[in-house]
$ cat target13.pdb   # PDB, N, CA and C atoms and all ligand atoms
ATOM      1  N   MET A   1     -10.348  -6.997  -2.469  1.00  0.00           N
ATOM      2  CA  MET A   1      -9.822  -6.383  -1.249  1.00  0.00           C
ATOM      3  C   MET A   1      -9.137  -5.060  -1.610  1.00  0.00           C
ATOM      4  N   ILE A   2      -9.406  -4.060  -0.809  1.00  0.00           N
ATOM      5  CA  ILE A   2      -8.839  -2.738  -1.042  1.00  0.00           C
ATOM      6  C   ILE A   2      -7.844  -2.430   0.079  1.00  0.00           C
ATOM      7  N   PRO A   3      -6.614  -2.044  -0.262  1.00  0.00           N
ATOM      8  CA  PRO A   3      -5.660  -1.700   0.787  1.00  0.00           C
ATOM      9  C   PRO A   3      -5.965  -0.335   1.397  1.00  0.00           C
ATOM     10  N   VAL A   4      -5.737  -0.245   2.682  1.00  0.00           N
ATOM     11  CA  VAL A   4      -5.920   1.016   3.413  1.00  0.00           C
ATOM     12  C   VAL A   4      -4.612   1.308   4.136  1.00  0.00           C
ATOM     13  N   ILE A   5      -4.156   2.541   4.037  1.00  0.00           N
ATOM     14  CA  ILE A   5      -2.886   2.921   4.650  1.00  0.00           C
ATOM     15  C   ILE A   5      -3.142   3.777   5.883  1.00  0.00           C
ATOM     16  N   ASN A   6      -2.539   3.370   6.967  1.00  0.00           N
ATOM     17  CA  ASN A   6      -2.545   4.191   8.181  1.00  0.00           C
ATOM     18  C   ASN A   6      -1.382   5.182   8.047  1.00  0.00           C
ATOM     19  N   THR A   7      -1.687   6.387   7.609  1.00  0.00           N
ATOM     20  CA  THR A   7      -0.623   7.346   7.319  1.00  0.00           C
ATOM     21  C   THR A   7       0.090   7.826   8.581  1.00  0.00           C
ATOM     22  N   SER A   8      -0.569   7.729   9.701  1.00  0.00           N
ATOM     23  CA  SER A   8       0.103   8.099  10.953  1.00  0.00           C
ATOM     24  C   SER A   8       1.240   7.137  11.263  1.00  0.00           C
ATOM     25  N   ALA A   9       1.057   5.872  10.898  1.00  0.00           N
ATOM     26  CA  ALA A   9       2.081   4.855  11.182  1.00  0.00           C
ATOM     27  C   ALA A   9       3.141   4.775  10.090  1.00  0.00           C
ATOM     28  N   CYS A  10       2.794   5.125   8.854  1.00  0.00           N
ATOM     29  CA  CYS A  10       3.715   4.997   7.715  1.00  0.00           C
ATOM     30  C   CYS A  10       4.985   5.813   7.945  1.00  0.00           C
ATOM     31  N   ILE A  11       6.144   5.168   7.657  1.00  0.00           N
ATOM     32  CA  ILE A  11       7.429   5.847   7.794  1.00  0.00           C
ATOM     33  C   ILE A  11       8.043   6.170   6.427  1.00  0.00           C
ATOM     34  N   GLY A  12       7.284   5.916   5.351  1.00  0.00           N
ATOM     35  CA  GLY A  12       7.730   6.309   4.015  1.00  0.00           C
ATOM     36  C   GLY A  12       8.894   5.512   3.471  1.00  0.00           C
ATOM     37  N   CYS A  13       8.999   4.258   3.857  1.00  0.00           N
ATOM     38  CA  CYS A  13      10.149   3.440   3.441  1.00  0.00           C
ATOM     39  C   CYS A  13      10.139   3.116   1.950  1.00  0.00           C
ATOM     40  N   GLY A  14       8.961   3.145   1.323  1.00  0.00           N
ATOM     41  CA  GLY A  14       8.858   2.896  -0.109  1.00  0.00           C
ATOM     42  C   GLY A  14       8.684   1.445  -0.503  1.00  0.00           C
ATOM     43  N   ARG A  15       8.642   0.560   0.453  1.00  0.00           N
ATOM     44  CA  ARG A  15       8.523  -0.871   0.140  1.00  0.00           C
ATOM     45  C   ARG A  15       7.241  -1.187  -0.629  1.00  0.00           C
ATOM     46  N   CYS A  16       6.135  -0.606  -0.220  1.00  0.00           N
ATOM     47  CA  CYS A  16       4.860  -0.881  -0.896  1.00  0.00           C
ATOM     48  C   CYS A  16       4.899  -0.392  -2.354  1.00  0.00           C
ATOM     49  N   GLU A  17       5.498   0.759  -2.589  1.00  0.00           N
ATOM     50  CA  GLU A  17       5.592   1.267  -3.962  1.00  0.00           C
ATOM     51  C   GLU A  17       6.507   0.387  -4.803  1.00  0.00           C
ATOM     52  N   GLU A  18       7.578  -0.127  -4.216  1.00  0.00           N
ATOM     53  CA  GLU A  18       8.464  -1.043  -4.942  1.00  0.00           C
ATOM     54  C   GLU A  18       7.706  -2.292  -5.378  1.00  0.00           C
ATOM     55  N   LEU A  19       6.842  -2.794  -4.512  1.00  0.00           N
ATOM     56  CA  LEU A  19       6.114  -4.037  -4.797  1.00  0.00           C
ATOM     57  C   LEU A  19       4.921  -3.803  -5.703  1.00  0.00           C
ATOM     58  N   CYS A  20       4.278  -2.646  -5.622  1.00  0.00           N
ATOM     59  CA  CYS A  20       3.112  -2.362  -6.467  1.00  0.00           C
ATOM     60  C   CYS A  20       3.007  -0.862  -6.730  1.00  0.00           C
ATOM     61  N   SER A  21       3.635  -0.454  -7.825  1.00  0.00           N
ATOM     62  CA  SER A  21       3.596   0.968  -8.180  1.00  0.00           C
ATOM     63  C   SER A  21       2.273   1.349  -8.841  1.00  0.00           C
ATOM     64  N   HIS A  22       1.430   0.354  -9.113  1.00  0.00           N
ATOM     65  CA  HIS A  22       0.097   0.660  -9.648  1.00  0.00           C
ATOM     66  C   HIS A  22      -0.784   1.306  -8.584  1.00  0.00           C
ATOM     67  N   ALA A  23      -0.606   0.859  -7.361  1.00  0.00           N
ATOM     68  CA  ALA A  23      -1.519   1.291  -6.299  1.00  0.00           C
ATOM     69  C   ALA A  23      -0.894   2.266  -5.304  1.00  0.00           C
ATOM     70  N   PHE A  24       0.406   2.136  -5.053  1.00  0.00           N
ATOM     71  CA  PHE A  24       1.022   2.918  -3.977  1.00  0.00           C
ATOM     72  C   PHE A  24       2.016   3.939  -4.529  1.00  0.00           C
ATOM     73  N   ARG A  25       2.010   5.101  -3.937  1.00  0.00           N
ATOM     74  CA  ARG A  25       3.044   6.092  -4.247  1.00  0.00           C
ATOM     75  C   ARG A  25       3.438   6.800  -2.961  1.00  0.00           C
ATOM     76  N   VAL A  26       4.747   6.915  -2.772  1.00  0.00           N
ATOM     77  CA  VAL A  26       5.257   7.608  -1.584  1.00  0.00           C
ATOM     78  C   VAL A  26       5.645   9.021  -1.975  1.00  0.00           C
ATOM     79  N   GLU A  27       5.045   9.972  -1.304  1.00  0.00           N
ATOM     80  CA  GLU A  27       5.350  11.387  -1.520  1.00  0.00           C
ATOM     81  C   GLU A  27       5.402  12.071  -0.170  1.00  0.00           C
ATOM     82  N   ASN A  28       6.370  12.938  -0.034  1.00  0.00           N
ATOM     83  CA  ASN A  28       6.514  13.693   1.210  1.00  0.00           C
ATOM     84  C   ASN A  28       6.558  12.777   2.435  1.00  0.00           C
ATOM     85  N   GLY A  29       7.214  11.630   2.259  1.00  0.00           N
ATOM     86  CA  GLY A  29       7.443  10.739   3.389  1.00  0.00           C
ATOM     87  C   GLY A  29       6.276   9.875   3.805  1.00  0.00           C
ATOM     88  N   LYS A  30       5.204   9.862   2.995  1.00  0.00           N
ATOM     89  CA  LYS A  30       4.042   9.038   3.315  1.00  0.00           C
ATOM     90  C   LYS A  30       3.540   8.335   2.063  1.00  0.00           C
ATOM     91  N   SER A  31       3.056   7.111   2.261  1.00  0.00           N
ATOM     92  CA  SER A  31       2.461   6.386   1.150  1.00  0.00           C
ATOM     93  C   SER A  31       0.989   6.742   1.018  1.00  0.00           C
ATOM     94  N   ARG A  32       0.520   6.746  -0.248  1.00  0.00           N
ATOM     95  CA  ARG A  32      -0.909   6.932  -0.482  1.00  0.00           C
ATOM     96  C   ARG A  32      -1.317   6.053  -1.651  1.00  0.00           C
ATOM     97  N   LEU A  33      -2.605   5.767  -1.712  1.00  0.00           N
ATOM     98  CA  LEU A  33      -3.143   4.978  -2.812  1.00  0.00           C
ATOM     99  C   LEU A  33      -3.422   5.890  -3.997  1.00  0.00           C
ATOM    100  N   ILE A  34      -2.915   5.501  -5.171  1.00  0.00           N
ATOM    101  CA  ILE A  34      -3.145   6.318  -6.362  1.00  0.00           C
ATOM    102  C   ILE A  34      -4.128   5.653  -7.309  1.00  0.00           C
ATOM    103  N   SER A  35      -4.400   4.363  -7.124  1.00  0.00           N
ATOM    104  CA  SER A  35      -5.353   3.675  -7.989  1.00  0.00           C
ATOM    105  C   SER A  35      -5.844   2.408  -7.309  1.00  0.00           C
ATOM    106  N   TYR A  36      -7.108   2.103  -7.500  1.00  0.00           N
ATOM    107  CA  TYR A  36      -7.673   0.841  -7.018  1.00  0.00           C
ATOM    108  C   TYR A  36      -7.886  -0.135  -8.169  1.00  0.00           C
ATOM    109  N   ASP A  37      -7.517   0.256  -9.389  1.00  0.00           N
ATOM    110  CA  ASP A  37      -7.873  -0.537 -10.570  1.00  0.00           C
ATOM    111  C   ASP A  37      -7.453  -1.991 -10.469  1.00  0.00           C
ATOM    112  N   ALA A  38      -6.235  -2.236  -9.992  1.00  0.00           N
ATOM    113  CA  ALA A  38      -5.713  -3.606  -9.946  1.00  0.00           C
ATOM    114  C   ALA A  38      -6.111  -4.336  -8.667  1.00  0.00           C
ATOM    115  N   CYS A  39      -6.627  -3.617  -7.703  1.00  0.00           N
ATOM    116  CA  CYS A  39      -6.818  -4.209  -6.372  1.00  0.00           C
ATOM    117  C   CYS A  39      -7.873  -5.312  -6.354  1.00  0.00           C
ATOM    118  N   GLU A  40      -8.848  -5.243  -7.235  1.00  0.00           N
ATOM    119  CA  GLU A  40      -9.911  -6.245  -7.233  1.00  0.00           C
ATOM    120  C   GLU A  40      -9.413  -7.617  -7.680  1.00  0.00           C
ATOM    121  N   ILE A  41      -8.358  -7.636  -8.480  1.00  0.00           N
ATOM    122  CA  ILE A  41      -7.874  -8.910  -9.027  1.00  0.00           C
ATOM    123  C   ILE A  41      -6.525  -9.324  -8.461  1.00  0.00           C
ATOM    124  N   CYS A  42      -5.955  -8.494  -7.620  1.00  0.00           N
ATOM    125  CA  CYS A  42      -4.591  -8.724  -7.138  1.00  0.00           C
ATOM    126  C   CYS A  42      -4.610  -9.106  -5.653  1.00  0.00           C
ATOM    127  N   ASP A  43      -3.685  -9.956  -5.254  1.00  0.00           N
ATOM    128  CA  ASP A  43      -3.556 -10.329  -3.845  1.00  0.00           C
ATOM    129  C   ASP A  43      -2.500  -9.442  -3.192  1.00  0.00           C
ATOM    130  N   CYS A  44      -2.954  -8.567  -2.339  1.00  0.00           N
ATOM    131  CA  CYS A  44      -2.086  -7.575  -1.694  1.00  0.00           C
ATOM    132  C   CYS A  44      -1.440  -8.100  -0.411  1.00  0.00           C
ATOM    133  N   SER A  45      -1.690  -9.339  -0.068  1.00  0.00           N
ATOM    134  CA  SER A  45      -1.266  -9.800   1.256  1.00  0.00           C
ATOM    135  C   SER A  45       0.248  -9.737   1.445  1.00  0.00           C
ATOM    136  N   LYS A  46       1.015  -9.957   0.376  1.00  0.00           N
ATOM    137  CA  LYS A  46       2.479  -9.877   0.503  1.00  0.00           C
ATOM    138  C   LYS A  46       2.922  -8.447   0.814  1.00  0.00           C
ATOM    139  N   ILE A  47       2.230  -7.477   0.256  1.00  0.00           N
ATOM    140  CA  ILE A  47       2.573  -6.082   0.533  1.00  0.00           C
ATOM    141  C   ILE A  47       2.210  -5.734   1.965  1.00  0.00           C
ATOM    142  N   VAL A  48       1.055  -6.185   2.397  1.00  0.00           N
ATOM    143  CA  VAL A  48       0.638  -5.951   3.786  1.00  0.00           C
ATOM    144  C   VAL A  48       1.691  -6.512   4.750  1.00  0.00           C
ATOM    145  N   GLU A  49       2.147  -7.741   4.466  1.00  0.00           N
ATOM    146  CA  GLU A  49       3.134  -8.381   5.340  1.00  0.00           C
ATOM    147  C   GLU A  49       4.489  -7.703   5.267  1.00  0.00           C
ATOM    148  N   SER A  50       4.799  -7.078   4.138  1.00  0.00           N
ATOM    149  CA  SER A  50       6.132  -6.491   3.969  1.00  0.00           C
ATOM    150  C   SER A  50       6.286  -5.130   4.630  1.00  0.00           C
ATOM    151  N   CYS A  51       5.199  -4.507   4.970  1.00  0.00           N
ATOM    152  CA  CYS A  51       5.288  -3.180   5.593  1.00  0.00           C
ATOM    153  C   CYS A  51       5.930  -3.305   6.980  1.00  0.00           C
ATOM    154  N   PRO A  52       7.045  -2.632   7.210  1.00  0.00           N
ATOM    155  CA  PRO A  52       7.785  -2.817   8.465  1.00  0.00           C
ATOM    156  C   PRO A  52       7.054  -2.297   9.701  1.00  0.00           C
ATOM    157  N   VAL A  53       6.065  -1.425   9.503  1.00  0.00           N
ATOM    158  CA  VAL A  53       5.344  -0.880  10.660  1.00  0.00           C
ATOM    159  C   VAL A  53       3.861  -1.278  10.640  1.00  0.00           C
ATOM    160  N   LYS A  54       3.528  -2.248   9.772  1.00  0.00           N
ATOM    161  CA  LYS A  54       2.149  -2.767   9.704  1.00  0.00           C
ATOM    162  C   LYS A  54       1.129  -1.643   9.482  1.00  0.00           C
ATOM    163  N   ALA A  55       1.466  -0.753   8.544  1.00  0.00           N
ATOM    164  CA  ALA A  55       0.593   0.387   8.297  1.00  0.00           C
ATOM    165  C   ALA A  55      -0.460   0.123   7.223  1.00  0.00           C
ATOM    166  N   ILE A  56      -0.411  -1.065   6.613  1.00  0.00           N
ATOM    167  CA  ILE A  56      -1.362  -1.374   5.543  1.00  0.00           C
ATOM    168  C   ILE A  56      -2.300  -2.494   5.999  1.00  0.00           C
ATOM    169  N   SER A  57      -3.570  -2.286   5.783  1.00  0.00           N
ATOM    170  CA  SER A  57      -4.553  -3.334   6.065  1.00  0.00           C
ATOM    171  C   SER A  57      -5.433  -3.489   4.829  1.00  0.00           C
ATOM    172  N   LEU A  58      -6.225  -4.546   4.810  1.00  0.00           N
ATOM    173  CA  LEU A  58      -7.100  -4.824   3.669  1.00  0.00           C
ATOM    174  C   LEU A  58      -8.552  -4.778   4.083  1.00  0.00           C
ATOM    175  N   LEU A  59      -9.350  -4.131   3.261  1.00  0.00           N
ATOM    176  CA  LEU A  59     -10.792  -4.063   3.485  1.00  0.00           C
ATOM    177  C   LEU A  59     -11.500  -4.883   2.432  1.00  0.00           C
ATOM    178  N   ASP A  60     -12.555  -5.580   2.798  1.00  0.00           N
ATOM    179  CA  ASP A  60     -13.387  -6.311   1.823  1.00  0.00           C
ATOM    180  C   ASP A  60     -14.157  -5.342   0.959  1.00  0.00           C
TER
HETATM  181  S1  LIG B 101       5.652  -0.188   3.271  1.00  0.00           S
HETATM  182 FE1  LIG B 101       4.479   0.689   5.023  1.00  0.00          FE
HETATM  183  S2  LIG B 101       5.887   2.152   5.995  1.00  0.00           S
HETATM  184 FE2  LIG B 101       6.717   1.682   3.977  1.00  0.00          FE
HETATM  185  S3  LIG B 101       5.904   3.347   2.647  1.00  0.00           S
HETATM  186 FE3  LIG B 101       4.484   1.583   2.492  1.00  0.00          FE
HETATM  187  S4  LIG B 101       2.887   1.977   4.046  1.00  0.00           S
HETATM  188 FE4  LIG B 101       4.643   3.310   4.521  1.00  0.00          FE
END

$ encode --input "target13.pdb" --output "structure tokens"
Amino acid sequence: MIPVINTSACIGCGRCEELCSHAFRVENGKSRLISYDACEICDCSKIVESCPVKAISLLD
């Protein structure tokens, strides 16, 4: 599963980067994906649930 960030909804809280700095980085008030390397073997569902504005979804 690959995480996808809705940057329009993201408020830059940094929660996703705190939980997984391998994949997420917050810059200029928005989160972006910096690597997919770990995503194939990692369960991102906790990060998806932790986003306060539901800006992260998972793609197969
Ligand atoms: S947890 Fe959600 S709102 Fe916070 S930086 Fe990540 S994507 Fe943006």

$ residues_near_ligand --input "target13.pdb" --ligand "ligand LIG 101 (chain B)" --cutoff "6 Å" --atoms "all atoms listed in the file" --output "ChimeraX atom specification"
/A:5,9-17,30-31,50-56

$ resolve_selection --input "target13.pdb" --expression "the PyMOL selection byres (((chain A and resi 58) around 5) and not hetatm)" --output "VMD selection string"
chain A and resid 2 to 4 56 to 57 59 to 60

$ select_by_dssp --input "target13.pdb" --residues "chain A" --states "strand (DSSP E or B)" --output "MDAnalysis selection string"
chainID A and resid 2:5 24:27 30:33 56:59

$ axis_aligned_box --input "target13.pdb" --around "region 16-30 of chain A" --padding-each-side "6 Å" --output "JSON"
{"center_x": 3.5, "center_y": 4.8, "center_z": -2.9, "size_x": 22.0, "size_y": 29.7, "size_z": 25.5}

$ select_by_dssp --input "target13.pdb" --residues "chain A" --states "helix (DSSP H, G or I)" --output "CSV table (one decimal) with N, CA and C atoms, in the frame of the given file"
chain,number,residue,atom,x,y,z
A,15,ARG,N,8.6,0.6,0.5
A,15,ARG,CA,8.5,-0.9,0.1
A,15,ARG,C,7.2,-1.2,-0.6
A,16,CYS,N,6.1,-0.6,-0.2
A,16,CYS,CA,4.9,-0.9,-0.9
A,16,CYS,C,4.9,-0.4,-2.4
A,17,GLU,N,5.5,0.8,-2.6
A,17,GLU,CA,5.6,1.3,-4.0
A,17,GLU,C,6.5,0.4,-4.8
A,18,GLU,N,7.6,-0.1,-4.2
A,18,GLU,CA,8.5,-1.0,-4.9
A,18,GLU,C,7.7,-2.3,-5.4
A,19,LEU,N,6.8,-2.8,-4.5
A,19,LEU,CA,6.1,-4.0,-4.8
A,19,LEU,C,4.9,-3.8,-5.7
A,45,SER,N,-1.7,-9.3,-0.1
A,45,SER,CA,-1.3,-9.8,1.3
A,45,SER,C,0.2,-9.7,1.4
A,46,LYS,N,1.0,-10.0,0.4
A,46,LYS,CA,2.5,-9.9,0.5
A,46,LYS,C,2.9,-8.4,0.8
A,47,ILE,N,2.2,-7.5,0.3
A,47,ILE,CA,2.6,-6.1,0.5
A,47,ILE,C,2.2,-5.7,2.0
A,48,VAL,N,1.1,-6.2,2.4
A,48,VAL,CA,0.6,-6.0,3.8
A,48,VAL,C,1.7,-6.5,4.8
A,49,GLU,N,2.1,-7.7,4.5
A,49,GLU,CA,3.1,-8.4,5.3
A,49,GLU,C,4.5,-7.7,5.3
A,50,SER,N,4.8,-7.1,4.1
A,50,SER,CA,6.1,-6.5,4.0
A,50,SER,C,6.3,-5.1,4.6

$ atom_distance --input "target13.pdb" --atom1 "CA of Ala38 (chain A)" --atom2 "CA of His22 (chain A)"
7.2 Å

$ residues_near_point --input "target13.pdb" --point "(-2.7, 4.8, -9.7)" --cutoff "6.5 Å" --atoms "all atoms listed in the file" --output "VMD selection string"
chain A and resid 21 to 24 33 to 36

$ atom_distance --input "target13.pdb" --atom1 "CA of Thr7 (chain A)" --atom2 "CA of Ile41 (chain A)"
24.2 Å

$ atom_distance --input "target13.pdb" --atom1 "CA of Gly29 (chain A)" --atom2 "CA of Met1 (chain A)"
24.8 Å

$ decode --input "target13.pdb" --residues "region 11-58 of chain A" --atoms "C-alpha atoms" --output "JSON list (two decimals), in the first residue's frame"
[["chain", "number", "residue", "atom", "x", "y", "z"],
["A", 11, "ILE", "CA", -2.35, 21.49, 7.84],
["A", 12, "GLY", "CA", 1.33, 20.62, 8.37],
["A", 13, "CYS", "CA", 0.95, 19.35, 11.92],
["A", 14, "GLY", "CA", 3.91, 16.97, 11.53],
["A", 15, "ARG", "CA", 2.22, 13.93, 13.03],
["A", 16, "CYS", "CA", 2.89, 11.73, 10.00],
["A", 17, "GLU", "CA", 6.59, 12.66, 9.99],
["A", 18, "GLU", "CA", 6.83, 11.90, 13.72],
["A", 19, "LEU", "CA", 5.37, 8.44, 13.12],
["A", 20, "CYS", "CA", 7.32, 7.65, 9.92],
["A", 21, "SER", "CA", 10.21, 9.89, 8.95],
["A", 22, "HIS", "CA", 11.18, 7.37, 6.26],
["A", 23, "ALA", "CA", 8.21, 8.30, 4.13],
["A", 24, "PHE", "CA", 6.89, 11.69, 5.24],
["A", 25, "ARG", "CA", 8.50, 15.09, 5.49],
["A", 26, "VAL", "CA", 6.80, 18.36, 6.32],
["A", 27, "GLU", "CA", 8.19, 21.40, 4.57],
["A", 28, "ASN", "CA", 6.65, 24.80, 4.10],
["A", 29, "GLY", "CA", 3.58, 23.73, 6.06],
["A", 30, "LYS", "CA", 2.74, 20.68, 3.95],
["A", 31, "SER", "CA", 3.60, 17.02, 4.14],
["A", 32, "ARG", "CA", 5.06, 15.18, 1.17],
["A", 33, "LEU", "CA", 6.29, 11.68, 0.48],
["A", 34, "ILE", "CA", 10.07, 11.43, 0.29],
["A", 35, "SER", "CA", 10.39, 7.65, -0.13],
["A", 36, "TYR", "CA", 8.24, 4.63, -0.89],
["A", 37, "ASP", "CA", 10.97, 2.14, 0.07],
["A", 38, "ALA", "CA", 9.38, 1.03, 3.34],
["A", 39, "CYS", "CA", 5.78, 1.32, 2.21],
["A", 40, "GLU", "CA", 5.56, -2.13, 0.63],
["A", 41, "ILE", "CA", 6.35, -3.88, 3.92],
["A", 42, "CYS", "CA", 4.93, -1.42, 6.42],
["A", 43, "ASP", "CA", 1.36, -0.96, 7.67],
["A", 44, "CYS", "CA", 0.54, 2.73, 7.33],
["A", 45, "SER", "CA", -2.96, 2.47, 8.73],
["A", 46, "LYS", "CA", -2.02, 3.98, 12.11],
["A", 47, "ILE", "CA", -0.59, 7.03, 10.35],
["A", 48, "VAL", "CA", -3.68, 7.37, 8.19],
["A", 49, "GLU", "CA", -5.85, 7.26, 11.33],
["A", 50, "SER", "CA", -3.64, 9.73, 13.18],
["A", 51, "CYS", "CA", -3.93, 12.52, 10.64],
["A", 52, "PRO", "CA", -6.25, 15.10, 12.25],
["A", 53, "VAL", "CA", -7.71, 16.22, 8.92],
["A", 54, "LYS", "CA", -7.80, 12.80, 7.19],
["A", 55, "ALA", "CA", -5.41, 14.00, 4.50],
["A", 56, "ILE", "CA", -3.70, 10.63, 4.02],
["A", 57, "SER", "CA", -5.17, 7.70, 2.14],
["A", 58, "LEU", "CA", -3.73, 4.38, 0.96]]
